[in-house]
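Below: final.txt (compact mmCIF, C-alpha atoms)
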```txt
# COMPACT_ATOMS: atom_id res chain seq x y z
CA MET Q 1 0.00 0.00 0.00
CA ASN Q 2 2.31 2.67 -1.26
CA TRP Q 3 -0.25 5.41 -1.33
CA LEU Q 4 -1.25 4.78 2.28
CA ARG Q 5 2.32 5.01 3.43
CA ARG Q 6 2.79 8.17 1.42
CA LEU Q 7 -0.34 9.71 2.89
CA PHE Q 8 1.08 9.44 6.39
CA HIS Q 9 4.68 10.12 5.51
CA LYS Q 10 4.15 12.91 3.09
CA SER Q 11 7.35 14.80 3.90
CA ARG Q 12 9.39 11.63 3.55
CA SER Q 13 7.93 10.73 0.19
CA GLU Q 14 8.48 14.33 -0.94
CA SER Q 15 12.13 14.33 0.10
CA GLN Q 16 12.61 10.96 -1.57
CA LEU Q 17 11.16 12.26 -4.79
CA ASP Q 18 13.47 15.26 -4.57
CA LYS Q 19 16.43 12.98 -3.94
CA GLU Q 20 15.53 10.75 -6.85
CA LEU Q 21 15.23 13.60 -9.31
CA ARG Q 22 18.36 15.36 -8.08
CA PHE Q 23 20.28 12.15 -8.57
CA HIS Q 24 19.12 12.09 -12.16
CA LEU Q 25 20.18 15.69 -12.69
CA GLU Q 26 23.61 15.19 -11.15
CA GLN Q 27 24.15 12.04 -13.12
CA GLN Q 28 23.39 13.97 -16.27
CA ILE Q 29 25.86 16.69 -15.29
CA ALA Q 30 28.54 14.12 -14.56
CA ASP Q 31 27.94 12.52 -17.96
CA ASN Q 32 28.11 15.90 -19.67
CA ILE Q 33 31.43 16.64 -18.00
CA SER Q 34 32.90 13.35 -19.02
CA ALA Q 35 31.73 14.13 -22.56
CA GLY Q 36 34.07 17.10 -22.44
CA LEU Q 37 31.93 20.04 -21.35
CA SER Q 38 33.02 22.52 -18.71
CA ALA Q 39 31.37 22.19 -15.29
CA GLU Q 40 29.30 25.32 -15.85
CA GLU Q 41 28.18 24.30 -19.28
CA ALA Q 42 27.41 20.76 -18.15
CA ARG Q 43 25.10 22.02 -15.39
CA CYS Q 44 23.35 24.45 -17.76
CA ARG Q 45 22.77 21.82 -20.42
CA ALA Q 46 21.50 19.27 -17.93
CA GLN Q 47 19.10 21.71 -16.31
CA GLN Q 48 17.84 22.83 -19.66
CA GLU Q 49 17.18 19.28 -20.67
CA PHE Q 50 15.54 18.45 -17.37
CA GLY Q 51 13.09 21.29 -17.76
CA GLY Q 52 12.56 22.36 -14.16
CA LEU Q 53 12.69 20.16 -11.12
CA GLU Q 54 9.42 21.47 -9.71
CA ARG Q 55 7.52 20.86 -12.90
CA VAL Q 56 8.59 17.22 -13.03
CA LYS Q 57 7.70 16.80 -9.35
CA GLU Q 58 4.30 18.23 -10.01
CA GLU Q 59 3.75 15.75 -12.82
CA VAL Q 60 4.74 12.86 -10.62
CA ARG Q 61 2.43 14.04 -7.84
CA ASP Q 62 -0.38 14.24 -10.33
CA THR Q 63 -0.26 10.50 -10.93
CA ARG Q 64 -0.94 9.78 -7.28
CA TRP Q 65 -4.49 9.77 -6.11
CA GLU Q 66 -3.75 11.07 -2.62
CA THR Q 67 -2.90 14.34 -4.34
CA HIS Q 68 -6.54 14.57 -5.30
CA LEU Q 69 -7.49 13.78 -1.71
CA ASP Q 70 -5.22 16.62 -0.67
CA THR Q 71 -6.94 19.03 -3.03
CA LEU Q 72 -10.27 17.95 -1.61
CA THR Q 73 -9.09 18.64 1.94
CA HIS Q 74 -7.92 22.08 0.87
CA ASP Q 75 -11.27 22.82 -0.72
CA PHE Q 76 -13.05 21.66 2.40
CA ARG Q 77 -10.88 23.82 4.64
CA TYR Q 78 -11.47 26.78 2.39
CA ALA Q 79 -15.23 26.23 2.62
CA LEU Q 80 -15.04 26.06 6.41
CA ARG Q 81 -12.97 29.23 6.58
CA THR Q 82 -15.44 31.07 4.40
CA LEU Q 83 -18.34 29.89 6.53
CA ARG Q 84 -16.59 30.98 9.71
CA LYS Q 85 -15.94 34.42 8.31
CA ASP Q 86 -19.63 35.08 7.78
CA ARG Q 87 -21.44 33.40 10.64
CA ARG Q 88 -24.84 34.74 9.79
CA PHE Q 89 -24.66 33.33 6.30
CA ALA Q 90 -23.39 30.02 7.69
CA LEU Q 91 -26.28 29.78 10.15
CA ILE Q 92 -28.86 30.55 7.49
CA ALA Q 93 -27.32 28.00 5.15
CA ILE Q 94 -27.23 25.30 7.81
CA PHE Q 95 -30.76 26.09 8.95
CA THR Q 96 -32.08 26.00 5.40
CA LEU Q 97 -30.44 22.66 4.73
CA ALA Q 98 -31.70 21.21 8.02
CA LEU Q 99 -35.21 22.39 7.34
CA GLY Q 100 -35.17 21.08 3.80
CA ILE Q 101 -33.82 17.66 4.71
CA SER Q 102 -36.05 17.18 7.73
CA SER Q 103 -39.25 18.27 6.05
CA THR Q 104 -38.58 16.08 3.02
CA THR Q 105 -37.95 13.10 5.28
CA ALA Q 106 -41.02 13.81 7.37
CA ILE Q 107 -43.29 14.22 4.37
CA PHE Q 108 -41.95 11.12 2.75
CA SER Q 109 -42.51 9.01 5.87
CA VAL Q 110 -46.10 10.25 6.09
CA ILE Q 111 -46.71 9.53 2.41
CA ASP Q 112 -45.09 6.13 2.76
CA CYS Q 113 -47.23 5.18 5.76
CA VAL Q 114 -50.51 6.74 4.74
CA LEU Q 115 -50.62 6.61 0.96
CA LEU Q 116 -48.14 4.02 -0.22
CA HIS Q 117 -48.49 1.42 2.52
CA PRO Q 118 -51.45 2.50 4.63
CA PHE Q 119 -52.05 -1.01 5.89
CA PRO Q 120 -49.74 -3.87 5.34
CA TYR Q 121 -52.70 -6.23 5.41
CA LYS Q 122 -53.36 -8.81 2.75
CA ASN Q 123 -55.57 -7.39 -0.05
CA ALA Q 124 -55.89 -4.17 1.89
CA ASP Q 125 -57.65 -2.50 -1.06
CA ARG Q 126 -60.64 -4.83 -0.63
CA LEU Q 127 -60.71 -4.62 3.16
CA VAL Q 128 -63.83 -2.87 4.46
CA SER Q 129 -65.52 -2.32 7.81
CA LEU Q 130 -69.24 -2.36 8.49
CA SER Q 131 -71.28 0.33 10.17
CA VAL Q 132 -74.92 1.08 10.83
CA LEU Q 133 -76.17 4.48 9.71
CA ALA Q 134 -79.25 5.88 11.40
CA ALA Q 135 -81.67 8.16 9.60
CA ASP Q 136 -80.05 11.14 11.32
CA GLN Q 137 -76.65 10.11 9.91
CA GLU Q 138 -75.51 8.90 13.32
CA ARG Q 139 -73.08 6.07 12.70
CA ALA Q 140 -72.47 3.04 14.93
CA TRP Q 141 -69.50 0.83 14.26
CA ARG Q 142 -70.50 -2.19 16.33
CA PHE Q 143 -73.45 -4.54 16.70
CA PRO Q 144 -74.17 -7.80 18.57
CA ALA Q 145 -72.83 -11.23 17.75
CA LEU Q 146 -76.04 -12.58 16.27
CA PRO Q 147 -76.35 -10.10 13.40
CA PHE Q 148 -72.62 -10.53 12.86
CA LEU Q 149 -73.10 -14.28 12.42
CA ASP Q 150 -76.08 -13.70 10.11
CA PHE Q 151 -74.03 -11.41 7.93
CA LYS Q 152 -71.07 -13.75 7.94
CA GLU Q 153 -73.06 -16.85 7.05
CA GLN Q 154 -75.62 -15.48 4.61
CA ASN Q 155 -73.77 -12.91 2.52
CA HIS Q 156 -72.78 -13.45 -1.15
CA THR Q 157 -70.40 -10.56 -1.59
CA PHE Q 158 -67.68 -11.13 0.99
CA GLU Q 159 -64.65 -13.34 0.69
CA ASP Q 160 -64.29 -13.42 4.46
CA MET Q 161 -65.71 -11.64 7.45
CA PHE Q 162 -64.19 -11.38 10.86
CA GLY Q 163 -64.58 -9.27 13.90
CA LEU Q 164 -63.25 -8.06 17.15
CA VAL Q 165 -64.83 -7.52 20.53
CA PHE Q 166 -63.11 -4.90 22.64
CA ARG Q 167 -62.43 -5.50 26.24
CA GLY Q 168 -60.62 -3.47 28.87
CA THR Q 169 -57.65 -5.48 30.08
CA ARG Q 170 -55.77 -5.18 33.29
CA TYR Q 171 -52.20 -6.30 33.78
CA VAL Q 172 -50.71 -6.25 37.26
CA SER Q 173 -46.93 -6.27 37.49
CA GLY Q 174 -44.39 -5.45 40.16
CA GLU Q 175 -44.42 -1.86 38.97
CA GLY Q 176 -48.15 -1.44 39.34
CA THR Q 177 -51.35 -1.89 37.40
CA ASP Q 178 -51.59 -1.13 33.70
CA GLU Q 179 -54.93 -0.91 31.94
CA PHE Q 180 -55.34 -1.03 28.18
CA PHE Q 181 -57.66 -2.36 25.51
CA GLY Q 182 -57.59 -5.90 24.33
CA GLY Q 183 -59.43 -7.46 21.46
CA TRP Q 184 -61.15 -10.80 21.26
CA VAL Q 185 -60.90 -11.78 17.65
CA THR Q 186 -63.03 -14.29 15.75
CA PRO Q 187 -61.28 -17.41 14.42
CA GLY Q 188 -59.36 -16.76 11.21
CA THR Q 189 -58.80 -13.06 11.83
CA PHE Q 190 -55.04 -13.28 11.67
CA GLU Q 191 -55.11 -15.48 8.56
CA SER Q 192 -57.41 -12.99 6.87
CA LEU Q 193 -55.20 -10.06 7.77
CA GLY Q 194 -52.20 -12.02 6.52
CA ILE Q 195 -49.70 -10.52 8.94
CA LYS Q 196 -46.87 -12.68 10.21
CA PRO Q 197 -45.92 -12.31 13.85
CA LEU Q 198 -42.57 -10.90 14.85
CA LEU Q 199 -42.11 -13.74 17.31
CA GLY Q 200 -43.97 -16.96 17.97
CA ARG Q 201 -47.31 -17.52 16.20
CA THR Q 202 -50.68 -15.86 15.84
CA ILE Q 203 -54.09 -17.13 16.93
CA THR Q 204 -55.51 -20.09 14.99
CA PRO Q 205 -59.10 -21.40 14.91
CA GLU Q 206 -57.96 -24.26 17.19
CA ASP Q 207 -57.14 -21.75 19.91
CA ALA Q 208 -60.76 -20.62 19.91
CA ARG Q 209 -62.21 -24.08 20.43
CA PRO Q 210 -63.97 -24.49 23.77
CA GLY Q 211 -61.77 -26.18 26.33
CA SER Q 212 -58.44 -25.16 24.81
CA SER Q 213 -56.09 -23.36 27.13
CA PRO Q 214 -56.24 -19.55 27.04
CA VAL Q 215 -53.64 -17.91 24.83
CA PHE Q 216 -52.96 -14.39 23.61
CA VAL Q 217 -50.82 -12.31 21.26
CA MET Q 218 -49.15 -9.08 22.30
CA SER Q 219 -48.38 -5.78 20.57
CA TYR Q 220 -44.84 -4.62 20.03
CA ARG Q 221 -45.61 -1.60 22.19
CA LEU Q 222 -46.66 -3.64 25.23
CA TRP Q 223 -43.75 -6.01 24.72
CA SER Q 224 -41.37 -3.04 24.89
CA ARG Q 225 -43.17 -1.33 27.77
CA HIS Q 226 -43.36 -4.21 30.20
CA PHE Q 227 -41.10 -6.97 29.02
CA GLY Q 228 -37.98 -5.19 27.76
CA ARG Q 229 -38.39 -6.88 24.33
CA ASP Q 230 -37.35 -10.18 25.84
CA PRO Q 231 -37.75 -12.91 23.18
CA GLN Q 232 -37.68 -15.62 25.87
CA ILE Q 233 -41.10 -14.53 27.06
CA ILE Q 234 -42.93 -16.52 24.36
CA GLY Q 235 -44.67 -19.51 25.91
CA LYS Q 236 -44.82 -18.03 29.39
CA ALA Q 237 -48.07 -17.57 31.27
CA ILE Q 238 -49.00 -13.99 32.03
CA ILE Q 239 -51.92 -12.96 34.17
CA LEU Q 240 -54.43 -10.72 32.41
CA ASN Q 241 -57.70 -9.84 34.17
CA ARG Q 242 -56.74 -12.29 36.90
CA THR Q 243 -56.61 -15.15 34.40
CA PRO Q 244 -53.31 -16.83 33.52
CA MET Q 245 -52.91 -16.82 29.73
CA THR Q 246 -50.07 -18.17 27.64
CA LEU Q 247 -48.30 -15.67 25.41
CA ILE Q 248 -47.97 -17.29 21.96
CA GLY Q 249 -46.71 -14.39 19.85
CA VAL Q 250 -45.59 -10.79 19.52
CA MET Q 251 -46.80 -8.75 16.54
CA PRO Q 252 -44.54 -6.46 14.47
CA ARG Q 253 -44.14 -2.82 15.46
CA ARG Q 254 -46.58 -1.38 12.91
CA PHE Q 255 -49.32 -3.95 13.40
CA GLN Q 256 -52.58 -2.62 14.74
CA PHE Q 257 -56.03 -4.09 14.63
CA GLY Q 258 -58.96 -2.77 16.56
CA ARG Q 259 -58.85 0.55 18.26
CA GLY Q 260 -55.55 2.33 17.98
CA GLU Q 261 -54.68 1.33 21.47
CA CYS Q 262 -55.32 -2.44 21.37
CA GLU Q 263 -52.34 -4.12 23.03
CA VAL Q 264 -53.38 -7.76 23.25
CA TRP Q 265 -55.48 -10.09 21.11
CA MET Q 266 -57.23 -13.23 22.32
CA PRO Q 267 -59.26 -15.89 20.52
CA LEU Q 268 -63.02 -15.39 20.51
CA TYR Q 269 -65.32 -18.36 20.31
CA LEU Q 270 -68.51 -16.98 18.89
CA THR Q 271 -71.73 -18.97 18.65
CA ARG Q 272 -75.36 -17.99 18.55
CA ASP Q 273 -75.73 -18.51 22.25
CA THR Q 274 -72.39 -17.12 23.31
CA PHE Q 275 -72.52 -14.46 25.84
CA LEU Q 276 -69.09 -13.35 26.84
CA PRO Q 277 -68.28 -13.01 30.50
CA GLY Q 278 -68.13 -9.44 31.70
CA ALA Q 279 -71.06 -7.33 32.66
CA GLY Q 280 -73.51 -5.77 30.26
CA ILE Q 281 -74.07 -6.02 26.55
CA GLU Q 282 -71.08 -3.89 25.57
CA PRO Q 283 -68.52 -6.74 25.50
CA ASN Q 284 -70.65 -8.57 22.96
CA GLU Q 285 -70.59 -5.87 20.34
CA VAL Q 286 -68.59 -6.94 17.36
CA TRP Q 287 -66.61 -4.55 15.24
CA THR Q 288 -66.93 -6.18 11.83
CA VAL Q 289 -64.35 -6.23 9.08
CA GLY Q 290 -64.05 -8.25 5.89
CA HIS Q 291 -62.66 -8.57 2.39
CA LEU Q 292 -65.01 -7.90 -0.50
CA LYS Q 293 -64.88 -10.49 -3.25
CA PRO Q 294 -62.80 -9.22 -6.18
CA GLY Q 295 -64.83 -6.89 -8.37
CA VAL Q 296 -67.61 -6.32 -5.85
CA THR Q 297 -68.37 -2.66 -5.15
CA SER Q 298 -69.28 -1.39 -1.72
CA GLU Q 299 -72.79 -0.49 -3.00
CA THR Q 300 -73.44 -4.08 -4.11
CA ALA Q 301 -72.16 -5.41 -0.81
CA ALA Q 302 -74.31 -2.96 1.16
CA ALA Q 303 -77.41 -4.04 -0.76
CA ASP Q 304 -76.51 -7.68 -0.17
CA LEU Q 305 -76.23 -7.17 3.58
CA GLN Q 306 -79.28 -4.93 3.69
CA ALA Q 307 -81.35 -7.84 2.42
CA ILE Q 308 -80.06 -10.04 5.25
CA ALA Q 309 -80.79 -7.29 7.77
CA LYS Q 310 -84.43 -6.88 6.74
CA HIS Q 311 -85.86 -7.90 10.10
CA PHE Q 312 -83.06 -6.48 12.30
CA GLU Q 313 -85.01 -3.31 12.95
CA THR Q 314 -87.52 -5.27 14.97
CA THR Q 315 -85.17 -7.95 16.38
CA TYR Q 316 -82.40 -5.64 17.62
CA PRO Q 317 -84.00 -2.21 17.85
CA LEU Q 318 -81.20 -1.01 20.11
CA TYR Q 319 -78.62 -1.39 17.35
CA PHE Q 320 -80.64 -1.05 14.18
CA PRO Q 321 -82.77 2.08 14.37
CA PRO Q 322 -85.76 2.69 12.04
CA GLU Q 323 -84.78 3.25 8.42
CA PHE Q 324 -81.16 2.35 9.09
CA ARG Q 325 -78.71 1.82 6.27
CA LEU Q 326 -75.62 -0.36 6.27
CA GLY Q 327 -72.34 1.39 5.59
CA ILE Q 328 -69.41 -0.27 3.88
CA SER Q 329 -66.25 1.80 4.31
CA ALA Q 330 -62.94 1.06 2.75
CA PHE Q 331 -60.49 0.40 5.52
CA ASN Q 332 -58.02 2.96 4.21
CA ASP Q 333 -60.60 5.69 3.77
CA GLY Q 334 -60.76 7.07 7.27
CA TYR Q 335 -57.03 7.47 7.31
CA THR Q 336 -56.22 8.66 3.83
CA THR Q 337 -59.00 11.27 3.82
CA TYR Q 338 -57.66 12.80 6.98
CA PHE Q 339 -54.39 13.20 5.23
CA PHE Q 340 -55.89 15.19 2.39
CA VAL Q 341 -58.07 17.43 4.55
CA MET O 1 16.13 19.61 -29.18
CA ASN O 2 14.33 16.53 -30.47
CA GLU O 3 11.80 18.10 -32.81
CA ALA O 4 12.26 15.52 -35.54
CA LYS O 5 11.69 12.57 -33.25
CA PRO O 6 8.21 11.12 -32.93
CA GLU O 7 6.31 11.17 -29.70
CA LEU O 8 6.04 7.86 -27.99
CA LEU O 9 2.69 6.27 -28.57
CA ARG O 10 0.53 6.55 -25.54
CA GLY O 11 0.92 3.46 -23.40
CA THR O 12 4.04 2.20 -25.11
CA LEU O 13 6.30 3.92 -22.60
CA ASP O 14 5.04 1.62 -19.83
CA MET O 15 5.85 -1.41 -21.94
CA LEU O 16 9.33 -0.15 -22.81
CA ILE O 17 10.11 0.63 -19.17
CA LEU O 18 8.96 -2.81 -18.10
CA LYS O 19 11.15 -4.38 -20.78
CA ILE O 20 14.26 -2.48 -19.73
CA VAL O 21 13.75 -3.04 -16.03
CA ALA O 22 13.20 -6.73 -16.71
CA LEU O 23 16.82 -6.89 -17.93
CA GLY O 24 17.99 -5.87 -14.45
CA PRO O 25 17.15 -3.39 -11.68
CA SER O 26 18.02 0.18 -12.70
CA HIS O 27 17.47 3.77 -11.55
CA GLY O 28 15.60 6.39 -13.51
CA TYR O 29 18.61 7.92 -15.18
CA ALA O 30 19.90 4.56 -16.35
CA ILE O 31 16.48 3.65 -17.72
CA ALA O 32 16.39 6.86 -19.74
CA GLN O 33 19.91 6.20 -21.05
CA ARG O 34 19.09 2.63 -21.96
CA LEU O 35 15.97 3.67 -23.80
CA ARG O 36 18.00 6.07 -25.88
CA GLN O 37 20.86 3.67 -26.53
CA VAL O 38 18.75 0.65 -27.36
CA SER O 39 16.64 2.66 -29.81
CA ASN O 40 19.77 4.14 -31.41
CA ASP O 41 18.95 7.62 -30.15
CA PHE O 42 15.48 7.37 -31.62
CA PHE O 43 13.60 7.84 -28.36
CA THR O 44 14.42 10.51 -25.84
CA VAL O 45 12.17 10.21 -22.85
CA HIS O 46 11.61 13.41 -21.02
CA GLN O 47 11.86 13.29 -17.22
CA GLY O 48 8.40 14.75 -17.01
CA SER O 49 7.09 11.55 -18.62
CA LEU O 50 9.57 9.05 -17.24
CA TYR O 51 9.18 9.69 -13.52
CA PRO O 52 5.39 9.88 -13.46
CA ALA O 53 5.40 6.58 -15.37
CA LEU O 54 7.85 4.96 -12.94
CA HIS O 55 5.77 6.03 -9.96
CA ARG O 56 2.59 4.88 -11.60
CA LEU O 57 4.03 1.45 -12.37
CA GLU O 58 5.28 1.20 -8.79
CA ASP O 59 1.83 2.09 -7.48
CA ARG O 60 0.26 -0.65 -9.56
CA GLY O 61 2.68 -3.15 -8.14
CA TRP O 62 4.39 -3.85 -11.46
CA LEU O 63 7.68 -2.38 -10.28
CA HIS O 64 9.33 -2.64 -6.92
CA ALA O 65 11.58 0.26 -5.79
CA GLN O 66 14.51 0.14 -3.45
CA TRP O 67 17.19 2.64 -2.43
CA ARG O 68 20.63 1.22 -3.15
CA ASP O 69 24.17 2.39 -3.77
CA THR O 70 25.34 2.79 -7.35
CA ASP O 71 28.76 1.76 -8.67
CA THR O 72 30.00 5.24 -7.83
CA GLY O 73 28.82 4.87 -4.25
CA ARG O 74 25.84 7.23 -4.51
CA GLU O 75 22.43 6.29 -3.24
CA ALA O 76 19.79 5.95 -5.94
CA LYS O 77 16.29 4.60 -6.27
CA PHE O 78 16.42 1.32 -8.15
CA TYR O 79 13.43 -0.15 -9.85
CA ALA O 80 13.01 -3.91 -10.31
CA ILE O 81 10.24 -5.75 -12.10
CA THR O 82 7.78 -7.80 -10.04
CA LYS O 83 6.03 -11.02 -10.96
CA LYS O 84 2.88 -9.03 -11.63
CA GLY O 85 4.92 -6.66 -13.78
CA ARG O 86 6.24 -9.53 -15.89
CA LYS O 87 2.76 -10.78 -16.51
CA GLN O 88 1.66 -7.27 -17.47
CA PHE O 89 4.56 -7.00 -19.88
CA GLU O 90 3.58 -10.25 -21.60
CA THR O 91 0.05 -8.96 -22.02
CA GLU O 92 1.19 -5.62 -23.40
CA LEU O 93 3.67 -7.26 -25.73
CA LEU O 94 1.00 -9.52 -27.14
CA GLY O 95 -1.28 -6.52 -27.66
CA TRP O 96 1.51 -4.62 -29.33
CA GLU O 97 2.33 -7.44 -31.70
CA GLN O 98 -1.27 -7.82 -32.71
CA LEU O 99 -1.55 -4.09 -33.26
CA SER O 100 1.61 -3.77 -35.35
CA ASN O 101 0.69 -6.84 -37.41
CA ALA O 102 -2.69 -5.39 -38.12
CA VAL O 103 -1.24 -2.01 -39.07
CA ALA O 104 1.33 -3.69 -41.31
CA LEU O 105 -1.38 -5.73 -43.04
CA ILE O 106 -3.42 -2.66 -43.78
CA LEU O 107 -0.46 -0.70 -45.09
CA ARG O 108 0.59 -3.53 -47.36
CA ALA O 109 -2.91 -4.01 -48.67
CA ALA O 110 -3.14 -0.34 -49.52
CA GLU O 111 -0.09 -0.46 -51.77
```

Take the structure in the file and give it back as C-alpha cells.
Amino acid sequence: MNWLRRLFHKSRSESQLDKELRFHLEQQIADNISAGLSAEEARCRAQQEFGGLERVKEEVRDTRWETHLDTLTHDFRYALRTLRKDRRFALIAIFTLALGISSTTAIFSVIDCVLLHPFPYKNADRLVSLSVLAADQERAWRFPALPFLDFKEQNHTFEDMFGLVFRGTRYVSGEGTDEFFGGWVTPGTFESLGIKPLLGRTITPEDARPGSSPVFVMSYRLWSRHFGRDPQIIGKAIILNRTPMTLIGVMPRRFQFGRGECEVWMPLYLTRDTFLPGAGIEPNEVWTVGHLKPGVTSETAAADLQAIAKHFETTYPLYFPPEFRLGISAFNDGYTTYFFV
Amino acid sequence: MNEAKPELLRGTLDMLILKIVALGPSHGYAIAQRLRQVSNDFFTVHQGSLYPALHRLEDRGWLHAQWRDTDTGREAKFYAITKKGRKQFETELLGWEQLSNAVALILRAAE
C-alpha cells in the first residue's frame, strides 16, 4: 500500500522524490562533463534538458491519487474558513439545509405510511368495515354477535368476514397496574389479515375451540413497555384480568387491529348462544371487518347485507334504528381522507 | 532539441520501461539512457514523462523500488520488475504485436 504510506509520511515521500530527481540531474551533469563540457556548461545543459525540477515533481504528484485527496481537503478547509468568516450566512445555510432535509424526510414518511403502505394487510384494497347508519346520519360501528353471524353466514359478496370484541384489560406487574384495551378476535382473523408475527405464532381457529387453554398475542408496544423486548417470554403464562394466559406471539411494530390502542389479542369463540363473561351487553358488540370479493363494489355489498338485515329493525331495535342503512367503508378511507383534509 | 523525433505512442512507454527493467534493476537515469541507446537515439524520454510513469508502475505493483548504492557509491532509487509486472509486460507485448501486425497488413494491402 504505497499510497497509504505516502499519505502518512508525506514529507518523507516528498524528500525521496526530490532525492531521486536530483540524482538524475547530477548524473546527467557528470555525464556531460565526461563528454568534455566545462562544469558550468554541463550544469546548464542538464538543467535545460531536465526542464525544471518542480515541474517534473508536479507531474509525478499528479499521478498519485492522494494528491486529489489533498486538493479535496484544501477545498473543504477553504469552505469552512469562508463559513466561519460570515457566521450569519453560515447559520442561514445550515438552517435551510436542516429544514429542507427534515421536512422532506417527514413528508416522505407520512406519504409512505398513509398513501403508499397505509395497511400492510393482505388485499388491503378490498378490506372494508361495516357500520350502521341511522336516519339522522348517526353512525355506529358495532353490533351484537347474532347479526354478525347472520351477515357472515348469509352474505354473497364477501370473501371473508371477521370481527373483534373490545375489552378493557388489566395487567398487574411489580411496577403497578396497567390498563389497556384488548381485542377478542373471531377465528381466522389473523389469517385474513395475513400478517406474520414478529415472534412466535398468531391465533388459529384451534385456539378458539372451547376447552383449549387460554392464549394471547401481544403488541410490540406492550412487549417493549413491560417486558424489555425479551424474546424468551414466548410460551410463558401472564396474568391478564386475573386469568393466567399463555403468550404465543408478539406482533410487528406497525401492526394494529382494533382501536388504535389495542395491546393484546385473544381468541373469541362466537356462537349464537355465546354471551361473553363481563357485565352488560357492551362486550358482545362486534366490530366487523371483511374482504369484499374481487370486483364487488361497496354499494353491491351494502345491498346484499341490507337484504339479510331486513328484520333487524324489529329484532335488535337497540342497534338497528328505524330506516337504518348499512355502511361499507374502505379500511383505508378514514385514514387517507384525513391526510388530504 | 528533439523536434524531428516522434512522440512515444501513448501506453508504449510503460511497456518499454517494463522491458528495460526486466533486464535488471536500474534507476531512472539509467532507464532513460538505456531507452535512448537501445533505440539508437530514436527515443528521448523526457523526465516529465519518465518519472510519473515509474511512480505509476510502482503504485500498480508492477515495479518494486529500493534505495541502493550505485557503482559510484551514490544512493539511488532502483526499480526492479515484479512477478505481476512480468505478466503485465507479456500482455502488453501480445497486444503490441497484434496491433503492429494489423497495421502492417493494412499498409501492405493499400499499396

Pull out every residue of chain Q sitting within 6 Å of chain O, counting only C-alpha atoms, and send them as a tab-separated table (two decimals) with C-alpha atoms, in the frame of the given file.
```
chain	number	residue	atom	x	y	z
Q	24	HIS	CA	19.12	12.09	-12.16
Q	56	VAL	CA	8.59	17.22	-13.03
Q	60	VAL	CA	4.74	12.86	-10.62
```

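Of the listed residues Q:Thr63, Q:Thr104, Q:Asn123, Q:Gln47, the one whose atoms come nearest to Pro294 of chain Q is Q:Asn123, with distances taken using only C-alpha atoms.
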
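Candidate residues Q:Ala30, Q:Ile248, Q:Leu80, Q:Val289 were compared for distance to Asp160 of chain Q, and the nearest is Q:Val289, using all atoms listed in the file.
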
Coordinates-based distance that separates atom CA of Trp223 of chain Q from atom CA of Asp125 of chain Q (Å, one decimal):
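Between atom CA of Asp125 of chain Q and atom CA of Trp223 of chain Q the gap is 29.5 Å.
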
Pull the neighbourhood of (14.3, -10.0, -15.7) for me: all residues within 12 Å in file coordinates, counting only C-alpha atoms, as a list in words.
Ile17, Leu18, Lys19, Ile20, Val21, Ala22, Leu23, Gly24, Pro25, Ser26, Leu63, Tyr79, Ala80, Ile81, Thr82, Lys83, Gly85, Arg86, Lys87 and Phe89 of chain O

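Here atom CA of Glu285 of chain Q is placed at a distance of 12.2 Å from atom CA of Leu268 of chain Q.
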
Suppose you want the space between atom CA of Arg242 of chain Q and atom CA of Arg201 of chain Q; what is it in Å?
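Here the two named atoms are 23.3 Å from each other.
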
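Residues within 10 Å of Gly258 of chain Q, counting all atoms listed in the file and excluding same-chain residues fewer than 6 positions away, are Gly163, Leu164, Val165, Phe166, Phe181, Gly182, Gly183, Trp184, Val185, Trp265, Trp287, Thr288 and Val289 of chain Q.
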
N, CA and C atoms restored at segment 120-131 of chain Q, emitted as a short mmCIF file (atom, residue, chain, number, x, y, z; two decimals), keeping the file's coordinate frame:
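File result-v2.cif, as written:
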```cif
data_model
loop_
_atom_site.label_atom_id
_atom_site.label_comp_id
_atom_site.auth_asym_id
_atom_site.auth_seq_id
_atom_site.Cartn_x
_atom_site.Cartn_y
_atom_site.Cartn_z
N PRO Q 120 -50.49 -2.78 5.96
CA PRO Q 120 -49.74 -3.87 5.34
C PRO Q 120 -50.56 -5.15 5.26
N TYR Q 121 -51.87 -5.03 5.44
CA TYR Q 121 -52.70 -6.23 5.41
C TYR Q 121 -52.79 -6.83 4.02
N LYS Q 122 -53.14 -8.10 4.01
CA LYS Q 122 -53.36 -8.81 2.75
C LYS Q 122 -54.57 -8.20 2.05
N ASN Q 123 -54.48 -7.96 0.75
CA ASN Q 123 -55.57 -7.39 -0.05
C ASN Q 123 -56.23 -6.20 0.63
N ALA Q 124 -55.39 -5.30 1.11
CA ALA Q 124 -55.89 -4.17 1.89
C ALA Q 124 -56.86 -3.31 1.08
N ASP Q 125 -56.75 -3.34 -0.25
CA ASP Q 125 -57.65 -2.50 -1.06
C ASP Q 125 -59.08 -3.01 -1.05
N ARG Q 126 -59.27 -4.30 -0.66
CA ARG Q 126 -60.64 -4.83 -0.63
C ARG Q 126 -61.15 -4.94 0.81
N LEU Q 127 -60.35 -4.50 1.75
CA LEU Q 127 -60.71 -4.62 3.16
C LEU Q 127 -61.68 -3.49 3.53
N VAL Q 128 -62.83 -3.88 4.10
CA VAL Q 128 -63.83 -2.87 4.46
C VAL Q 128 -64.30 -3.12 5.89
N SER Q 129 -64.88 -2.10 6.51
CA SER Q 129 -65.52 -2.32 7.81
C SER Q 129 -66.99 -1.93 7.70
N LEU Q 130 -67.78 -2.54 8.56
CA LEU Q 130 -69.24 -2.36 8.49
C LEU Q 130 -69.68 -1.36 9.54
N SER Q 131 -70.70 -0.58 9.19
CA SER Q 131 -71.28 0.33 10.17
C SER Q 131 -72.78 0.44 9.93
#
```
